[in-house]
Amino acid sequence: MKKVITYGTFDLFHQGHYNIIKRAREYGDYLIVGVTSESYDIERGKLSVHDSLLTRIENVKKTGLVDEVIVEEYLGQKTRDIIQYEIDTLVVGSDWIGKFDHLRQYCEVVYLERTKNISSTQLREKSNEICKFGIITDDADDDGVVKETKYVSGIHIESVYSDDIDVAEEFCNKYELNSYSNDFQQFSHELGIVYIKSAVDKRYEYIKKCIEKGLHIICDFPFSRDIAKCQELNRLAKEKNVALMENIVSCYLRAFTQFLWIARSNEIGDILSVNIAISNDYFKYTQSFDDMSVLAITAVIKLLGTKSRFVSKNTITDETGEINYGSIFFRYEKSVARIEIGAKIDLHNFLTVVGTEGCIVLEDDWWNTGYFEVHKKGVKKVDRRSFNFEGTGFRYLIQELQIMLRDKRYECNRLTDAEGEAILKVMNQTSD
């Protein structure tokens with residue numbers, strides 16, 4: 001007898017889930033399905049799971065295709081299960097290609113391609129809690145977004161748009177989406193949320209089109225280099241009850257928001273200085289100078305406010321005119337801040353806040369952190385604060401958007417209009 005095993009959350013059970021189980025069944029005579037527990041979902045960063053564990057198990061059993069259901073409770077359990085149940089074949093989705101190759105020493109590993117145009121339609125017939133998601137892009141890399149959405153229940157990426165139809169097709173095939181287009185009307189049909197990942201000079205028009213169609217929007221920041229255009233977009237979004245969110249992931253991380261709260265709560269006294277270094281060496285996907293500037297400037301504005309007395313910006317370019325390195329200096333009434341940005345050079349990445357009664361330290365990829373350290377004056381023991389964090393952080397932004405839409409609250413308070421304008425002013429400042 002040939003035994004097969006597959007795993008999943010199986011939340012809001014739909015035809016796509018049924019198909020995975022049915023196709024897994026075809027690889028053997030006895031099928032075991034592992035359903036993830038609530039605690040394991042939280043541990044691995046799976047957000048907004050709707051159905052209870054008992055409901056998800058019952059839905060799997062109702063398929064009539066499963067011989068045994070087990071609960072997946074911890075990382076590494078697959079190895080134990082394969083050995084314990086004498087599994088011949090492990091079946092998983094193609095979005096995990098390569099992830100479980102190490103298990104080939106125990107059994108055959110099969111990666112199944114996702115069935116297109118199934119979950120996107122029948123899921124809607126069953127539940128209105130699933131929101132169709134689309135991506136507007138200039139290139140065929142997703143920066144981890146597609147995988148991140150898989151960890152948030154209630155979101156399903158449907159389609160991709162690009163002015164270049166070849167880019168759209170490549171993106172669609174690469175990430176197994178249902179459709180692609182260079183026609184905005186065709187692309188946006190039936191979507192609820194759009195993520196705009198494009199050059200800054202295109203964002204304004206894309207955002208405006210999405211607002212006119214009533215679509216909720218996540219967009220790389222800034223929305224435009226023109227402050228007046230940004231103000232216009234924010235005003236239109238409010239009028240249309242459309243959520244318009246800046247893709248500044250750090251603002252949605254629990255560790256980062258707690259870090260800001262502690263820094264501003266006088267726990268380390270009055271803030272005297274903020275020192276930041278950021279470079280490409282900790283990013284999976286290459287970031288532009290502007291992308292890194294947004295993260296660093298946001299941290300300074302969040303810590304010290306929008307009323308800086310003086311800002312000095314300097315950049316050093318290579319022989320092609322592209323920025324190699326940049327620095328930004330801020331002077332406030334009672335504090336200073338300095339940012340170093342390595343666009344083409346590696347820096348020791350960190351964020352340090354120095355106060356009159358201590359300091360707070362975030363090391364390495366501080367913009368995607370799950371922890372930080374608080375050092376207090378006269379106290380030898382370091383206070384280390386740790387919070388759950390998984391992936392690139394984009395899933396936490398989407399979760400916040402879901403909460404906003406559930407509560408019919410279309411304005412996000414993680415970055416105020418004044419803070420956004422202050423960040424853009426610094427970015428627009430020419431080098432001294």
# chains A, B, ... in the order shown; residues from 1 in each chain; ligands from 1
call {"tool": "closest_atom_pairs", "arguments": {"of": "region 188-251 of chain A", "to": "region 405-414 of chain A", "cutoff": "12 Å", "atoms": "only C-alpha atoms", "output": "CSV"}}
result
residue,atom,partner,partner_atom,distance
A:Gly192,CA,A:Leu405,CA,10.5
A:Ile193,CA,A:Leu405,CA,10.6
A:Gly214,CA,A:Tyr410,CA,11.6
A:Leu215,CA,A:Tyr410,CA,11.4
A:His216,CA,A:Tyr410,CA,8.7
A:Ile217,CA,A:Tyr410,CA,10.5
A:Ile218,CA,A:Cys412,CA,11.1
A:Asn234,CA,A:Glu411,CA,9.2
A:Arg235,CA,A:Glu411,CA,10.7
A:Leu236,CA,A:Glu411,CA,11.8
A:Ala237,CA,A:Tyr410,CA,8.3
A:Lys238,CA,A:Tyr410,CA,7.3
A:Glu239,CA,A:Tyr410,CA,10.1
A:Lys240,CA,A:Tyr410,CA,9.4
A:Asn241,CA,A:Tyr410,CA,5.9
A:Val242,CA,A:Tyr410,CA,5.8
A:Ala243,CA,A:Tyr410,CA,4.5
A:Leu244,CA,A:Glu411,CA,7.4
A:Met245,CA,A:Cys412,CA,6.8
A:Glu246,CA,A:Cys412,CA,9.1
A:Asn247,CA,A:Arg414,CA,10.9
A:Ile248,CA,A:Arg414,CA,9.4
A:Val249,CA,A:Arg414,CA,10.1
A:Ser250,CA,A:Arg414,CA,9.8
A:Cys251,CA,A:Arg414,CA,6.1
call {"tool": "write_last_selection", "arguments": {"atoms": "N, CA and C atoms", "output": "tab-separated table (two decimals), in the first residue's frame"}}
result
chain	number	residue	atom	x	y	z
A	192	GLY	N	-10.76	43.88	-5.41
A	192	GLY	CA	-11.07	44.68	-4.24
A	192	GLY	C	-9.89	45.49	-3.76
A	193	ILE	N	-8.67	44.92	-3.92
A	193	ILE	CA	-7.43	45.57	-3.48
A	193	ILE	C	-6.41	45.50	-4.60
A	214	GLY	N	-13.12	52.61	-7.05
A	214	GLY	CA	-13.46	52.22	-5.70
A	214	GLY	C	-12.59	51.11	-5.13
A	215	LEU	N	-11.39	50.95	-5.67
A	215	LEU	CA	-10.49	49.90	-5.21
A	215	LEU	C	-9.63	50.40	-4.06
A	216	HIS	N	-9.40	49.55	-3.09
A	216	HIS	CA	-8.48	49.87	-2.00
A	216	HIS	C	-7.05	49.65	-2.49
A	217	ILE	N	-6.14	50.49	-2.00
A	217	ILE	CA	-4.82	50.57	-2.63
A	217	ILE	C	-3.69	50.48	-1.60
A	218	ILE	N	-2.71	49.66	-1.92
A	218	ILE	CA	-1.41	49.69	-1.25
A	218	ILE	C	-0.41	50.12	-2.30
A	234	ASN	N	-4.94	61.75	-1.47
A	234	ASN	CA	-5.46	61.48	-0.13
A	234	ASN	C	-6.88	62.02	0.03
A	235	ARG	N	-7.12	63.22	-0.54
A	235	ARG	CA	-8.45	63.81	-0.46
A	235	ARG	C	-9.47	62.97	-1.24
A	236	LEU	N	-9.11	62.54	-2.46
A	236	LEU	CA	-10.02	61.73	-3.27
A	236	LEU	C	-10.33	60.39	-2.61
A	237	ALA	N	-9.31	59.79	-2.00
A	237	ALA	CA	-9.51	58.50	-1.32
A	237	ALA	C	-10.51	58.65	-0.17
A	238	LYS	N	-10.40	59.74	0.58
A	238	LYS	CA	-11.32	59.97	1.70
A	238	LYS	C	-12.74	60.19	1.19
A	239	GLU	N	-12.87	60.93	0.09
A	239	GLU	CA	-14.19	61.21	-0.46
A	239	GLU	C	-14.88	59.94	-0.95
A	240	LYS	N	-14.08	59.00	-1.49
A	240	LYS	CA	-14.61	57.77	-2.07
A	240	LYS	C	-14.66	56.61	-1.07
A	241	ASN	N	-14.27	56.86	0.19
A	241	ASN	CA	-14.19	55.79	1.19
A	241	ASN	C	-13.30	54.65	0.71
A	242	VAL	N	-12.14	55.04	0.18
A	242	VAL	CA	-11.15	54.09	-0.30
A	242	VAL	C	-9.93	54.15	0.60
A	243	ALA	N	-9.42	52.99	1.00
A	243	ALA	CA	-8.19	52.94	1.79
A	243	ALA	C	-7.00	53.12	0.86
A	244	LEU	N	-6.13	54.07	1.20
A	244	LEU	CA	-4.90	54.33	0.43
A	244	LEU	C	-3.74	54.22	1.41
A	245	MET	N	-2.99	53.11	1.32
A	245	MET	CA	-1.96	52.81	2.30
A	245	MET	C	-0.57	52.86	1.68
A	246	GLU	N	0.36	53.48	2.42
A	246	GLU	CA	1.75	53.51	2.00
A	246	GLU	C	2.42	52.18	2.32
A	247	ASN	N	3.16	51.64	1.38
A	247	ASN	CA	3.87	50.39	1.63
A	247	ASN	C	5.17	50.68	2.38
A	248	ILE	N	5.01	51.02	3.66
A	248	ILE	CA	6.15	51.19	4.56
A	248	ILE	C	5.94	50.16	5.66
A	249	VAL	N	6.44	48.97	5.43
A	249	VAL	CA	6.10	47.80	6.23
A	249	VAL	C	6.44	47.98	7.71
A	250	SER	N	7.54	48.64	8.01
A	250	SER	CA	7.97	48.76	9.41
A	250	SER	C	6.88	49.40	10.28
A	251	CYS	N	6.07	50.26	9.72
A	251	CYS	CA	5.01	50.93	10.48
A	251	CYS	C	3.96	49.95	11.01
call {"tool": "residues_around", "arguments": {"residues": "Asp318 (chain A)", "least_positions_apart": "5", "cutoff": "12 Å", "atoms": "only C-alpha atoms", "output": "ChimeraX atom specification"}}
result
/A:323-326,343-345
call {"tool": "closest_residue", "arguments": {"among": "A:Phe221, A:Phe389, A:Trp366, A:Tyr285", "to": "Leu415 (chain A)", "atoms": "only C-alpha atoms"}}
result
A:Phe221
call {"tool": "residues_around", "arguments": {"residues": "Gln258 (chain A)", "least_positions_apart": "6", "cutoff": "10 Å", "atoms": "only C-alpha atoms", "output": "JSON, numbers by chain"}}
result
{"A": [264, 371, 372, 385, 387]}
call {"tool": "write_last_selection", "arguments": {"atoms": "N, CA and C atoms", "output": "compact mmCIF listing (two decimals), in the first residue's frame"}}
result
# COMPACT_ATOMS: atom_id res chain seq x y z
N ARG A 264 9.49 57.18 22.83
CA ARG A 264 8.80 58.46 23.03
C ARG A 264 8.12 58.58 24.39
N TYR A 371 12.70 42.24 17.25
CA TYR A 371 13.21 42.47 18.61
C TYR A 371 14.04 43.75 18.66
N PHE A 372 14.26 44.24 19.88
CA PHE A 372 15.18 45.35 20.11
C PHE A 372 15.66 45.29 21.55
N ARG A 385 13.42 43.10 24.17
CA ARG A 385 12.01 42.94 23.84
C ARG A 385 11.90 42.15 22.53
N PHE A 387 9.25 40.03 19.72
CA PHE A 387 7.88 39.91 19.22
C PHE A 387 7.88 38.98 18.01
call {"tool": "select_by_dssp", "arguments": {"residues": "region 250-330 of chain A", "states": "strand (DSSP E)", "output": "PyMOL selection string"}}
result
chain A and resi 271-279+310-317+323-330
call {"tool": "write_last_selection", "arguments": {"atoms": "N, CA and C atoms", "output": "tab-separated table (two decimals), in the first residue's frame"}}
result
chain	number	residue	atom	x	y	z
A	271	ILE	N	15.09	62.23	24.13
A	271	ILE	CA	15.90	61.75	23.01
A	271	ILE	C	16.91	62.84	22.62
A	272	LEU	N	18.18	62.46	22.58
A	272	LEU	CA	19.25	63.36	22.18
A	272	LEU	C	19.66	63.15	20.72
A	273	SER	N	19.73	61.87	20.30
A	273	SER	CA	20.15	61.60	18.92
A	273	SER	C	19.56	60.30	18.40
A	274	VAL	N	19.40	60.26	17.08
A	274	VAL	CA	18.98	59.06	16.37
A	274	VAL	C	20.02	58.81	15.29
A	275	ASN	N	20.59	57.61	15.28
A	275	ASN	CA	21.60	57.26	14.29
A	275	ASN	C	21.15	56.01	13.53
A	276	ILE	N	21.16	56.10	12.21
A	276	ILE	CA	20.63	55.03	11.36
A	276	ILE	C	21.60	54.72	10.23
A	277	ALA	N	21.77	53.42	9.96
A	277	ALA	CA	22.49	52.99	8.76
A	277	ALA	C	21.66	51.91	8.08
A	278	ILE	N	21.59	51.97	6.75
A	278	ILE	CA	20.79	51.01	5.99
A	278	ILE	C	21.45	50.79	4.63
A	279	SER	N	21.51	49.54	4.20
A	279	SER	CA	22.09	49.23	2.89
A	279	SER	C	21.44	47.98	2.34
A	310	PHE	N	16.51	72.05	10.57
A	310	PHE	CA	17.49	72.06	9.49
A	310	PHE	C	17.68	70.64	8.99
A	311	VAL	N	17.75	70.48	7.66
A	311	VAL	CA	18.03	69.18	7.05
A	311	VAL	C	19.10	69.36	5.99
A	312	SER	N	20.12	68.52	6.04
A	312	SER	CA	21.19	68.55	5.05
A	312	SER	C	21.31	67.17	4.42
A	313	LYS	N	21.30	67.12	3.09
A	313	LYS	CA	21.33	65.85	2.36
A	313	LYS	C	22.52	65.85	1.41
A	314	ASN	N	23.29	64.77	1.43
A	314	ASN	CA	24.46	64.66	0.55
A	314	ASN	C	24.50	63.27	-0.08
A	315	THR	N	24.82	63.22	-1.36
A	315	THR	CA	24.95	61.93	-2.05
A	315	THR	C	26.26	61.89	-2.84
A	316	ILE	N	26.78	60.69	-2.99
A	316	ILE	CA	27.99	60.47	-3.78
A	316	ILE	C	27.64	59.49	-4.89
A	317	THR	N	27.91	59.88	-6.13
A	317	THR	CA	27.55	59.06	-7.29
A	317	THR	C	28.77	58.38	-7.89
A	323	ILE	N	23.68	56.80	-7.61
A	323	ILE	CA	24.10	57.05	-6.22
A	323	ILE	C	24.73	55.80	-5.61
A	324	ASN	N	25.93	55.98	-5.09
A	324	ASN	CA	26.62	54.92	-4.36
A	324	ASN	C	26.30	54.99	-2.87
A	325	TYR	N	26.28	56.21	-2.35
A	325	TYR	CA	26.19	56.43	-0.91
A	325	TYR	C	25.52	57.78	-0.66
A	326	GLY	N	24.77	57.84	0.44
A	326	GLY	CA	24.15	59.11	0.80
A	326	GLY	C	24.07	59.27	2.31
A	327	SER	N	24.01	60.51	2.73
A	327	SER	CA	23.82	60.79	4.15
A	327	SER	C	22.84	61.95	4.31
A	328	ILE	N	22.07	61.90	5.39
A	328	ILE	CA	21.09	62.96	5.67
A	328	ILE	C	21.25	63.34	7.14
A	329	PHE	N	21.36	64.61	7.39
A	329	PHE	CA	21.51	65.10	8.76
A	329	PHE	C	20.31	65.98	9.12
A	330	PHE	N	19.73	65.75	10.31
A	330	PHE	CA	18.58	66.52	10.81
A	330	PHE	C	18.99	67.25	12.09
call {"tool": "closest_residue", "arguments": {"among": "A:Leu401, A:Val109, A:Leu47, A:Ala263", "to": "Lys150 (chain A)", "atoms": "only C-alpha atoms"}}
result
A:Leu47
